[in-house]
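Enquirer: Provided below: data-v9.txt, containing compact mmCIF, C-alpha atoms.
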```
# COMPACT_ATOMS: atom_id res chain seq x y z
CA MET W 29 166.06 115.67 71.85
CA LYS W 30 166.38 113.80 75.10
CA GLU W 31 169.35 113.77 77.47
CA LEU W 32 170.77 110.85 79.39
CA LYS W 33 173.70 110.05 81.65
CA GLY W 34 175.47 106.87 80.69
CA ASP W 35 178.09 105.28 78.50
CA LEU W 36 177.92 105.98 74.76
CA TRP W 37 179.22 102.47 74.06
CA ASP W 38 177.09 100.59 76.57
CA THR W 39 173.58 101.83 75.86
CA GLN W 40 171.05 100.00 73.67
CA CYS W 41 170.35 101.93 70.46
CA ASP W 42 170.09 101.76 66.68
CA ALA W 43 172.98 104.16 65.98
CA VAL W 44 175.86 105.86 67.79
CA CYS W 45 177.43 109.11 66.60
CA ILE W 46 180.99 110.18 67.24
CA SER W 47 182.15 113.79 67.04
CA THR W 48 184.68 114.20 64.25
CA ASN W 49 186.68 116.74 62.29
CA GLY W 50 187.37 116.82 58.57
CA PHE W 51 191.18 116.64 58.62
CA VAL W 52 192.68 113.69 56.77
CA LYS W 53 196.37 112.89 57.35
CA ASN W 54 198.82 111.98 54.58
CA ASN W 55 198.30 108.28 55.41
CA GLY W 56 194.60 108.65 54.55
CA GLU W 57 193.33 108.45 58.14
CA CYS W 58 191.10 111.04 59.79
CA VAL W 59 192.56 112.49 62.98
CA MET W 60 190.66 110.93 65.89
CA GLY W 61 192.77 111.83 68.91
CA LYS W 62 190.35 112.98 71.61
CA GLY W 63 187.08 112.10 73.29
CA CYS W 64 184.63 109.64 71.79
CA ALA W 65 186.44 109.74 68.43
CA LYS W 66 189.56 108.43 70.14
CA GLU W 67 187.48 105.76 71.91
CA ALA W 68 185.93 104.71 68.59
CA ALA W 69 189.38 104.45 66.98
CA GLU W 70 190.57 102.29 69.88
CA TYR W 71 187.51 100.00 69.72
CA PHE W 72 187.51 99.84 65.91
CA PRO W 73 191.05 100.47 64.60
CA GLU W 74 189.90 100.56 60.96
CA ILE W 75 187.58 103.55 61.52
CA PRO W 76 190.16 106.38 61.05
CA LYS W 77 190.99 105.04 57.57
CA VAL W 78 187.34 104.37 56.71
CA LEU W 79 186.43 107.93 57.74
CA GLY W 80 189.41 109.38 55.86
CA ASP W 81 188.29 107.57 52.71
CA ARG W 82 184.68 108.73 53.14
CA ILE W 83 185.74 112.35 53.71
CA LYS W 84 187.82 112.25 50.52
CA LYS W 85 184.91 110.75 48.58
CA TYR W 86 181.84 112.49 50.08
CA GLY W 87 183.20 115.43 52.06
CA ASN W 88 183.01 116.31 55.74
CA VAL W 89 179.46 115.01 56.24
CA VAL W 90 177.70 112.48 58.46
CA ASN W 91 179.03 109.10 57.33
CA LEU W 92 178.15 105.53 58.19
CA LEU W 93 181.47 104.04 59.31
CA ARG W 94 180.49 100.48 60.23
CA HIS W 95 177.93 98.28 61.93
CA CYS W 96 178.67 96.54 65.21
CA ASP W 97 176.15 94.03 66.56
CA GLY W 98 173.38 95.71 64.56
CA VAL W 99 174.30 99.22 65.72
CA ALA W 100 175.34 101.79 63.11
CA ILE W 101 178.48 103.78 63.99
CA LEU W 102 178.35 107.24 62.41
CA SER W 103 180.61 110.24 62.16
CA PHE W 104 179.10 113.54 63.29
CA PRO W 105 181.30 116.38 62.00
CA VAL W 106 181.75 119.28 64.40
CA LYS W 107 184.99 120.74 63.00
CA PRO W 108 186.20 121.59 59.49
CA GLU W 109 189.04 120.10 57.45
CA LYS W 110 191.08 123.22 58.09
CA VAL W 111 190.61 126.96 58.51
CA VAL W 112 192.54 130.04 57.63
CA ALA W 113 192.86 131.63 61.05
CA GLU W 114 191.65 135.13 61.63
CA ASN W 115 192.32 135.15 65.37
CA HIS W 116 193.38 132.91 68.26
CA ARG W 117 189.77 132.14 69.25
CA MET W 118 189.49 129.80 66.25
CA VAL W 119 192.08 127.44 67.79
CA VAL W 120 191.48 125.25 70.86
CA ARG W 121 193.25 126.55 73.95
CA HIS W 122 195.73 123.69 74.33
CA MET W 123 196.97 124.25 70.74
CA GLN W 124 197.28 128.03 70.77
CA ARG W 125 200.96 127.86 71.71
CA THR W 126 201.68 125.40 68.87
CA PHE W 127 200.13 127.40 66.05
CA LYS W 128 201.37 130.87 65.32
CA ILE W 129 198.10 132.68 64.88
CA ALA W 130 198.60 135.31 62.24
CA ASP W 131 196.18 136.44 59.59
CA GLY W 132 196.20 133.77 56.93
CA SER W 133 197.69 130.97 59.08
CA GLU W 134 196.30 127.59 58.10
CA VAL W 135 195.11 125.50 61.05
CA PRO W 136 194.07 121.82 60.73
CA GLY W 137 190.50 121.01 61.69
CA TRP W 138 191.40 118.90 64.71
CA ALA W 139 193.01 122.00 66.30
CA CYS W 140 189.99 124.24 65.63
CA VAL W 141 187.19 125.19 67.95
CA ALA W 142 183.99 123.38 66.90
CA ASP W 143 181.83 125.21 64.38
CA ILE W 144 178.16 125.63 65.25
CA GLU W 145 177.16 125.75 61.55
CA ILE W 146 178.87 122.39 60.93
CA ILE W 147 177.06 120.96 63.96
CA LYS W 148 173.73 122.25 62.66
CA ARG W 149 174.36 120.76 59.20
CA SER W 150 175.40 117.43 60.75
CA ALA W 151 172.22 117.31 62.86
CA GLU W 152 170.10 117.91 59.75
CA GLN W 153 171.94 115.13 57.87
CA LEU W 154 171.51 112.80 60.83
CA VAL W 155 167.72 113.27 60.79
CA VAL W 156 167.63 112.33 57.09
CA LEU W 157 169.62 109.15 57.79
CA ALA W 158 167.47 108.23 60.79
CA ASP W 159 164.33 108.65 58.68
CA LYS W 160 165.80 106.61 55.82
CA HIS W 161 166.90 103.72 58.07
CA GLY W 162 163.98 103.83 60.51
CA TRP W 163 166.21 104.35 63.55
CA LYS W 164 164.20 104.82 66.73
CA LYS W 165 167.08 105.53 69.14
CA VAL W 166 170.22 107.43 68.12
CA LEU W 167 172.89 108.39 70.64
CA ILE W 168 175.10 111.43 70.27
CA PRO W 169 177.66 112.81 72.69
CA ARG W 170 177.40 116.45 73.71
CA VAL W 171 178.83 117.38 70.32
CA GLY W 172 181.35 120.22 70.11
CA THR W 173 181.70 120.61 73.86
CA GLY W 174 184.74 118.48 74.72
CA ALA W 175 187.75 118.99 72.44
CA GLY W 176 185.58 121.45 70.47
CA GLU W 177 185.44 123.82 73.47
CA LEU W 178 181.87 125.06 72.93
CA ASP W 179 179.42 125.40 75.82
CA TRP W 180 176.52 122.93 75.90
CA LYS W 181 174.17 125.80 76.76
CA ASP W 182 174.95 127.24 73.30
CA VAL W 183 174.82 123.94 71.37
CA LYS W 184 171.78 122.29 72.96
CA PRO W 185 169.15 124.84 71.81
CA ILE W 186 170.29 124.46 68.20
CA LEU W 187 170.11 120.66 68.38
CA ASP W 188 166.71 120.85 70.13
CA GLU W 189 165.31 122.67 67.07
CA ILE W 190 166.46 119.88 64.73
CA LEU W 191 166.53 116.61 66.67
CA ASP W 192 163.35 114.97 67.95
CA ASP W 193 162.89 112.42 70.75
CA ARG W 194 164.63 109.65 68.76
CA PHE W 195 167.91 111.41 69.48
CA ILE W 196 169.59 111.23 72.86
CA ALA W 197 172.49 113.42 73.93
CA ILE W 198 174.45 111.24 76.32
CA THR W 199 176.74 112.50 79.05
CA TYR W 200 179.21 110.13 80.62
CA LYS W 201 178.02 109.17 84.10
```
Would you give me this structure, written as structure tokens?
Expert:
Amino acid sequence: MKELKGDLWDTQCDAVCISTNGFVKNNGECVMGKGCAKEAAEYFPEIPKVLGDRIKKYGNVVNLLRHCDGVAILSFPVKPEKVVAENHRMVVRHMQRTFKIADGSEVPGWACVADIEIIKRSAEQLVVLADKHGWKKVLIPRVGTGAGELDWKDVKPILDEILDDRFIAITYK
């Protein structure tokens, strides 16, 4: 995997991934309230509903959400649909006051810390899609490190084992 400083939305590529969670609201939309997911929802207002529908149909997996000028826009799950909390470390810091963390408390995926196993599974699914579609350049943000609160130094080595030089982790300039 390569790394690059730039703009996820202004770099030539075959596909762009957005970090997502698996929580679908009652209106059928996936929660996309932070980071590149929020940007994607602002650029393409139909995407939260499209992703919600895909999660209901296929599960919390890498999904093709739309094409824009020949570029595939993909979800890249980093968080679950929900978790049953075991401790406060499972919830992002800014939400710890909102959720009463007691054994057995249910926490929606968007409020969870990113899950390294979900990230690993998503990277593996992304490779299969890139092979199938012949993508030569796929951009991903530093998945799990923004609203997911993981450290890049912990995520990058896992992605490096799975993603080859077609994949570029992009950091905003």
Enquirer: Quick one: pull the distance between atom CA of Pro185 of chain W and atom CA of Glu152 of chain W, Å, one decimal.
Expert: 13.9 Å
Enquirer: Determine, counting only C-alpha atoms, every residue of protein, DNA or RNA that lies within 7 Å of (176.1, 103.6, 65.6) in the file coordinates, then give the result as a list of chain:residue names.
Expert: W:Asp42, W:Ala43, W:Val44, W:Cys45, W:His95, W:Val99, W:Ala100, W:Ile101, W:Leu102
Enquirer: Could you jot down the atom CA of Pro76 of chain W to atom CA of Leu92 of chain W separation for me, Å, one decimal place?
Expert: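 About the pair atom CA of Pro76 of chain W and atom CA of Leu92 of chain W: they are 12.4 Å apart.
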Enquirer: In the coordinates of the file, take the point (193.2, 112.0, 54.8) and a cut-off of 10 Å; then, counting all atoms listed in the file, name each qualifying protein, DNA or RNA residue as a list in words.
Expert: Gly50, Phe51, Val52, Lys53, Asn54, Asn55, Gly56, Glu57, Cys58, Val59, Pro76, Lys77, Val78, Leu79, Gly80, Asp81, Arg82, Ile83, Lys84 and Glu109 of chain W
Enquirer: To one decimal place in Å, what is the distance between atom CA of Ser133 of chain W and atom CA of Asn91 of chain W?
Expert: 28.8 Å
Enquirer: Could you produce a table of the residues of segment 53-135 of chain W lying within 9 Å of segment 172-180 of chain W, with the nearest pair of atoms per residue and their separation in Å rounded to one decimal, using all atoms listed in the file, ordered by chain and increasing residue number, as a tab-separated table?
Expert:
```
residue	atom	partner	partner_atom	distance
W:Lys62	CA	W:Ala175	CA	6.6
W:Gly63	CA	W:Gly174	CA	6.9
W:Pro105	CA	W:Gly172	CA	9.0
W:Val106	CA	W:Gly172	CA	5.8
W:Lys107	CA	W:Gly176	CA	7.5
W:Val120	CA	W:Glu177	CA	6.7
W:Arg121	CA	W:Glu177	CA	8.3
```
Enquirer: Show me, as a list of chain:residue names, the residues that have an atom within 10 Å of Cys64 of chain W when counting all atoms listed in the file, minus same-chain residues fewer than 4 positions from it.
Expert: W:Leu36, W:Trp37, W:Cys45, W:Ile46, W:Ser47, W:Thr48, W:Met60, W:Ala68, W:Ala69, W:Glu70, W:Ile168, W:Pro169, W:Val171, W:Gly174, W:Ala175
Enquirer: As AutoDock Vina command-line options, please report the centre and edge lengths, rounded to one decimal in Å, of the axis-aligned box that holds all listed atoms of segment 71-78 of chain W with 8 Å of padding on each of the six sides.
Expert:
```
--center_x 189.2 --center_y 103.1 --center_z 63.2 --size_x 19.7 --size_y 22.5 --size_z 29.0
```
Enquirer: For Val119 of chain W, which residue among W:Lys33, W:Gly137, W:Asp188, W:Lys164 is the nearest when counting all atoms listed in the file?
Expert: W:Gly137
Enquirer: From the structure just shown, export segment 50-186 of chain W with C-alpha atoms as an mmCIF file, in the first residue's frame.
Expert:
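As a result, selection.cif now contains:
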```cif
data_model
loop_
_atom_site.group_PDB
_atom_site.id
_atom_site.type_symbol
_atom_site.label_atom_id
_atom_site.label_comp_id
_atom_site.auth_asym_id
_atom_site.auth_seq_id
_atom_site.Cartn_x
_atom_site.Cartn_y
_atom_site.Cartn_z
ATOM 1 C CA GLY W 50 -23.082 -0.630 9.928
ATOM 2 C CA PHE W 51 -25.814 1.285 11.777
ATOM 3 C CA VAL W 52 -28.996 1.889 9.787
ATOM 4 C CA LYS W 53 -31.510 4.420 11.151
ATOM 5 C CA ASN W 54 -35.279 3.867 11.210
ATOM 6 C CA ASN W 55 -35.577 5.895 7.983
ATOM 7 C CA GLY W 56 -33.369 3.337 6.215
ATOM 8 C CA GLU W 57 -30.281 5.562 5.976
ATOM 9 C CA CYS W 58 -26.833 4.625 7.248
ATOM 10 C CA VAL W 59 -25.412 7.107 9.744
ATOM 11 C CA MET W 60 -22.735 9.123 7.920
ATOM 12 C CA GLY W 61 -22.061 12.020 10.278
ATOM 13 C CA LYS W 62 -18.282 12.426 10.417
ATOM 14 C CA GLY W 63 -15.191 12.560 8.245
ATOM 15 C CA CYS W 64 -15.176 11.356 4.659
ATOM 16 C CA ALA W 65 -18.536 9.604 5.137
ATOM 17 C CA LYS W 66 -20.105 12.963 5.955
ATOM 18 C CA GLU W 67 -18.380 14.520 2.928
ATOM 19 C CA ALA W 68 -19.692 11.718 0.692
ATOM 20 C CA ALA W 69 -23.231 12.227 2.016
ATOM 21 C CA GLU W 70 -22.957 15.961 1.310
ATOM 22 C CA TYR W 71 -21.626 15.417 -2.233
ATOM 23 C CA PHE W 72 -24.052 12.583 -2.996
ATOM 24 C CA PRO W 73 -27.186 12.966 -0.833
ATOM 25 C CA GLU W 74 -28.612 9.607 -1.954
ATOM 26 C CA ILE W 75 -25.660 7.617 -0.574
ATOM 27 C CA PRO W 76 -26.874 7.215 3.059
ATOM 28 C CA LYS W 77 -30.074 5.541 1.808
ATOM 29 C CA VAL W 78 -28.230 3.472 -0.803
ATOM 30 C CA LEU W 79 -25.793 2.253 1.862
ATOM 31 C CA GLY W 80 -28.618 1.572 4.331
ATOM 32 C CA ASP W 81 -30.379 -0.556 1.703
ATOM 33 C CA ARG W 82 -27.166 -2.436 0.865
ATOM 34 C CA ILE W 83 -26.397 -3.109 4.532
ATOM 35 C CA LYS W 84 -29.903 -4.525 5.020
ATOM 36 C CA LYS W 85 -29.535 -6.707 1.923
ATOM 37 C CA TYR W 86 -25.858 -7.776 2.014
ATOM 38 C CA GLY W 87 -24.635 -6.929 5.517
ATOM 39 C CA ASN W 88 -21.913 -4.606 6.751
ATOM 40 C CA VAL W 89 -19.499 -5.315 3.898
ATOM 41 C CA VAL W 90 -17.675 -3.323 1.222
ATOM 42 C CA ASN W 91 -20.412 -2.066 -1.097
ATOM 43 C CA LEU W 92 -20.394 -0.236 -4.398
ATOM 44 C CA LEU W 93 -22.536 2.839 -3.730
ATOM 45 C CA ARG W 94 -22.407 4.665 -7.063
ATOM 46 C CA HIS W 95 -20.235 5.734 -9.966
ATOM 47 C CA CYS W 96 -19.273 9.358 -10.497
ATOM 48 C CA ASP W 97 -17.439 10.316 -13.690
ATOM 49 C CA GLY W 98 -16.186 6.744 -14.058
ATOM 50 C CA VAL W 99 -14.982 6.499 -10.450
ATOM 51 C CA ALA W 100 -16.524 3.855 -8.188
ATOM 52 C CA ILE W 101 -17.571 5.121 -4.744
ATOM 53 C CA LEU W 102 -17.352 2.318 -2.167
ATOM 54 C CA SER W 103 -18.153 1.857 1.481
ATOM 55 C CA PHE W 104 -15.310 0.547 3.630
ATOM 56 C CA PRO W 105 -16.762 -0.666 6.943
ATOM 57 C CA VAL W 106 -14.650 0.085 9.998
ATOM 58 C CA LYS W 107 -17.362 -0.107 12.687
ATOM 59 C CA PRO W 108 -20.142 -2.590 13.455
ATOM 60 C CA GLU W 109 -23.911 -2.149 13.358
ATOM 61 C CA LYS W 110 -23.963 -2.087 17.146
ATOM 62 C CA VAL W 111 -22.167 -3.649 20.091
ATOM 63 C CA VAL W 112 -23.090 -4.777 23.538
ATOM 64 C CA ALA W 113 -20.664 -2.725 25.590
ATOM 65 C CA GLU W 114 -18.315 -4.407 27.980
ATOM 66 C CA ASN W 115 -16.452 -1.253 28.964
ATOM 67 C CA HIS W 116 -16.118 2.449 28.122
ATOM 68 C CA ARG W 117 -13.175 1.853 25.745
ATOM 69 C CA MET W 118 -15.611 0.473 23.153
ATOM 70 C CA VAL W 119 -17.252 3.911 22.784
ATOM 71 C CA VAL W 120 -15.607 6.943 21.146
ATOM 72 C CA ARG W 121 -14.514 9.553 23.662
ATOM 73 C CA HIS W 122 -16.962 12.277 22.631
ATOM 74 C CA MET W 123 -19.906 9.878 23.167
ATOM 75 C CA GLN W 124 -18.890 8.358 26.491
ATOM 76 C CA ARG W 125 -20.977 10.891 28.427
ATOM 77 C CA THR W 126 -24.052 10.148 26.278
ATOM 78 C CA PHE W 127 -24.068 6.383 26.680
ATOM 79 C CA LYS W 128 -24.293 4.862 30.110
ATOM 80 C CA ILE W 129 -21.658 2.193 29.839
ATOM 81 C CA ALA W 130 -22.819 -0.755 31.867
ATOM 82 C CA ASP W 131 -22.391 -4.416 31.108
ATOM 83 C CA GLY W 132 -24.931 -5.247 28.455
ATOM 84 C CA SER W 133 -25.545 -1.663 27.248
ATOM 85 C CA GLU W 134 -26.262 -1.567 23.528
ATOM 86 C CA VAL W 135 -24.241 1.049 21.644
ATOM 87 C CA PRO W 136 -24.887 1.953 17.972
ATOM 88 C CA GLY W 137 -22.003 1.364 15.582
ATOM 89 C CA TRP W 138 -21.438 5.035 14.789
ATOM 90 C CA ALA W 139 -20.587 5.623 18.481
ATOM 91 C CA CYS W 140 -18.142 2.699 18.664
ATOM 92 C CA VAL W 141 -14.398 2.730 18.373
ATOM 93 C CA ALA W 142 -13.355 1.229 15.016
ATOM 94 C CA ASP W 143 -12.812 -2.523 14.996
ATOM 95 C CA ILE W 144 -9.516 -3.771 13.575
ATOM 96 C CA GLU W 145 -11.086 -7.108 12.544
ATOM 97 C CA ILE W 146 -13.768 -5.296 10.524
ATOM 98 C CA ILE W 147 -11.047 -3.193 8.885
ATOM 99 C CA LYS W 148 -9.080 -6.326 8.004
ATOM 100 C CA ARG W 149 -12.171 -8.009 6.516
ATOM 101 C CA SER W 150 -13.011 -4.861 4.531
ATOM 102 C CA ALA W 151 -9.475 -4.691 3.111
ATOM 103 C CA GLU W 152 -9.720 -8.324 1.998
ATOM 104 C CA GLN W 153 -13.093 -7.665 0.323
ATOM 105 C CA LEU W 154 -11.683 -4.568 -1.363
ATOM 106 C CA VAL W 155 -8.867 -6.590 -2.953
ATOM 107 C CA VAL W 156 -11.419 -9.036 -4.392
ATOM 108 C CA LEU W 157 -13.419 -6.154 -5.899
ATOM 109 C CA ALA W 158 -10.309 -4.471 -7.306
ATOM 110 C CA ASP W 159 -9.264 -7.744 -8.940
ATOM 111 C CA LYS W 160 -12.754 -8.323 -10.350
ATOM 112 C CA HIS W 161 -13.057 -4.811 -11.820
ATOM 113 C CA GLY W 162 -9.421 -4.366 -12.856
ATOM 114 C CA TRP W 163 -8.936 -1.239 -10.752
ATOM 115 C CA LYS W 164 -5.364 0.039 -10.891
ATOM 116 C CA LYS W 165 -5.677 2.914 -8.389
ATOM 117 C CA VAL W 166 -7.940 2.775 -5.329
ATOM 118 C CA LEU W 167 -7.955 5.521 -2.712
ATOM 119 C CA ILE W 168 -8.771 4.927 0.926
ATOM 120 C CA PRO W 169 -8.635 7.366 3.817
ATOM 121 C CA ARG W 170 -6.651 6.405 6.891
ATOM 122 C CA VAL W 171 -9.478 4.078 7.862
ATOM 123 C CA GLY W 172 -10.492 3.843 11.514
ATOM 124 C CA THR W 173 -8.272 6.692 12.641
ATOM 125 C CA GLY W 174 -10.583 9.722 12.595
ATOM 126 C CA ALA W 175 -13.978 9.166 14.220
ATOM 127 C CA GLY W 176 -12.877 5.562 14.815
ATOM 128 C CA GLU W 177 -10.138 6.729 17.216
ATOM 129 C CA LEU W 178 -7.545 4.091 16.300
ATOM 130 C CA ASP W 179 -3.881 4.987 15.778
ATOM 131 C CA TRP W 180 -2.562 4.786 12.205
ATOM 132 C CA LYS W 181 0.564 3.058 13.518
ATOM 133 C CA ASP W 182 -1.689 0.152 14.564
ATOM 134 C CA VAL W 183 -3.870 0.081 11.420
ATOM 135 C CA LYS W 184 -1.240 0.600 8.707
ATOM 136 C CA PRO W 185 0.728 -2.651 9.283
ATOM 137 C CA ILE W 186 -2.458 -4.699 8.959
#
```
